[in-house]
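Visitor: Please see the structure below; I have some questions.
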Amino acid sequence: MPRVVVDVVLKPEISDPQGQAVLGALGRLGHDSVRSVRQGKHFVLEVDGTPDAAELKQIAETLLANPVIEDVELHLPTD
Amino acid sequence: MRIGVITFPGSLDDVDAARAVRLAGAEPVALWHASHDLEDVDAVVLPGGFSYGDYLRAGAIAARAPLVQDVVDRARQGMPVLGICNGFQVLCEAGLLPGALTRNGHLHFRNRDQALRIERADTAWTASYEARQRIVVPVKNGEGRYVAAPADLDRIEGEGRVAVRYVEGNPNGSMRDIAGVTSEDGRVVGLMPHPEHAVEDLTGPSTDGLGFFTSILEAAVSA
């Protein structure tokens, strides 16, 4: 069954306190090379038949992400 | 006047909201999110809680509930709507109010009595107050940090859409101390603090919250 992946992350101008908390923990663990962490969401959708790109774009942009504060990336199956 | 209070799976403060409506002198009407029946109410309150467990984003799934779609349609025709806490999150997710509510800046749930300043005393839900009046009501949230892109914040401020602001300390890192906003027409208001928990001396830090519920009655009388 075709799998569609949707990645959602806060827009760069919206602060991400969860990502900052992860960054702080990395620093305490000695991983000083990590400069920034942005936390997001990763959705895997299994769909019947050939994925309808327009429909999936709508799903991603109107429910899976809030376009007021989040950017969304849609990854359709390539094969 | 009949004021509907919508219950979602995970609503917590619907009973308190209905009680506040009654104390203000209106008739509370219990509404169920999954129905398509607004039961001829004159206004609607979306209460606090954790609808759908705050899954996906706080308020995101509730905003797509059948009855909320009806509320959106009616609100665009001028029906007054008040969203409190989770209800505010629902109204932002539904696109009736600008901005969004995200995880508190300090990542902790915050529960305390909170001083607020009424910035707009001319909306359907704040007309009982004086402009710049200071009130104290409880605030309790984990995802109450009001955010929007800087340009959007400038527009929201410029249009006078900030209805309520935190004073004497910001409980969650909300941008520009914004606690609540209003629609352009002043009929839809959302705020994170809980006026419905401050309507009786016995249980609240004040009775300052009652004004939100008497305002809507005044608006009806003057309309």
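A note on labels: chains of the structure tokens are A, B, ... as shown, every chain counts residues from 1, and ligands are counted from 1 in their shown order.
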Should the cut-off be 8 Å, what would the residue list for chain B against chain A look like, counting only C-alpha atoms, as a PyMOL selection string?
Guide: chain B and resi 56+60+93+99-100+103-107+147-150
Visitor: Write out, as a short mmCIF file (atom, residue, chain, number, x, y, z; two decimals), in the first residue's frame, the residues just selected, with C-alpha atoms.
Guide:
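Printed below is selection_12.cif as written:
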data_model
loop_
_atom_site.label_atom_id
_atom_site.label_comp_id
_atom_site.auth_asym_id
_atom_site.auth_seq_id
_atom_site.Cartn_x
_atom_site.Cartn_y
_atom_site.Cartn_z
CA LEU B 56 -2.23 16.57 17.03
CA ALA B 60 -7.10 20.97 16.27
CA GLU B 93 -7.59 26.33 14.88
CA GLY B 99 -2.70 33.40 15.89
CA ALA B 100 -2.13 30.09 17.63
CA ARG B 103 3.52 24.84 24.46
CA ASN B 104 4.31 27.24 27.31
CA GLY B 105 7.73 28.85 27.00
CA HIS B 106 8.94 27.30 30.26
CA LEU B 107 7.36 23.93 29.33
CA VAL B 147 2.16 33.13 19.06
CA ALA B 148 2.02 34.48 15.54
CA ALA B 149 4.60 35.64 13.04
CA PRO B 150 5.93 39.13 13.92
#
Visitor: As an MDAnalysis selection string, please: every residue in chain A that DSSP puts in strand (DSSP E or B).
Guide: chainID A and resid 3:10 40:46 70:75
Visitor: Deliver the residues from the most recent selection as a file, using C-alpha atoms, as a PDB file, in the first residue's frame.
Guide:
ATOM      1  CA  ARG A   3       2.910   5.316   1.978  1.00  0.00           C
ATOM      2  CA  VAL A   4       2.836   9.078   2.083  1.00  0.00           C
ATOM      3  CA  VAL A   5       5.055  10.909   4.557  1.00  0.00           C
ATOM      4  CA  VAL A   6       4.290  14.366   5.924  1.00  0.00           C
ATOM      5  CA  ASP A   7       6.807  16.327   7.999  1.00  0.00           C
ATOM      6  CA  VAL A   8       5.661  19.305  10.040  1.00  0.00           C
ATOM      7  CA  VAL A   9       7.942  21.762  11.820  1.00  0.00           C
ATOM      8  CA  LEU A  10       7.423  25.167  13.432  1.00  0.00           C
ATOM      9  CA  GLY A  40       8.494  18.604  14.698  1.00  0.00           C
ATOM     10  CA  LYS A  41       6.028  15.897  13.756  1.00  0.00           C
ATOM     11  CA  HIS A  42       6.350  13.044  11.273  1.00  0.00           C
ATOM     12  CA  PHE A  43       3.206  11.448   9.833  1.00  0.00           C
ATOM     13  CA  VAL A  44       3.086   8.238   7.799  1.00  0.00           C
ATOM     14  CA  LEU A  45      -0.145   7.762   5.852  1.00  0.00           C
ATOM     15  CA  GLU A  46      -1.035   4.522   4.073  1.00  0.00           C
ATOM     16  CA  GLU A  70       4.032  25.537  10.972  1.00  0.00           C
ATOM     17  CA  ASP A  71       5.704  24.606   7.684  1.00  0.00           C
ATOM     18  CA  VAL A  72       4.770  21.307   6.070  1.00  0.00           C
ATOM     19  CA  GLU A  73       6.597  19.007   3.659  1.00  0.00           C
ATOM     20  CA  LEU A  74       4.705  16.361   1.702  1.00  0.00           C
ATOM     21  CA  HIS A  75       6.633  13.322   0.444  1.00  0.00           C
TER      22      HIS A  75
END
Visitor: CA of His108 in chain B and CA of Val188 in chain B, how far apart in Å?
Guide: 28.5 Å
Visitor: With only C-alpha atoms as the counted atoms, please give the residues lying no more than 12 Å from Glu159 in chain B, apart from itself and same-chain residues fewer than 4 positions off, as a list in words.
Guide: Pro98, Arg120, Asp152, Leu153, Asp154, Arg155, Ala163, Val181, Thr182, Ser183, Glu184, Asp185 and Gly186 of chain B
Visitor: May I ask which of the residues B:Arg2, B:His33, B:Lys140, B:Arg112 is the closest one to Val21 in chain B, counting only C-alpha atoms?
Guide: B:Arg2
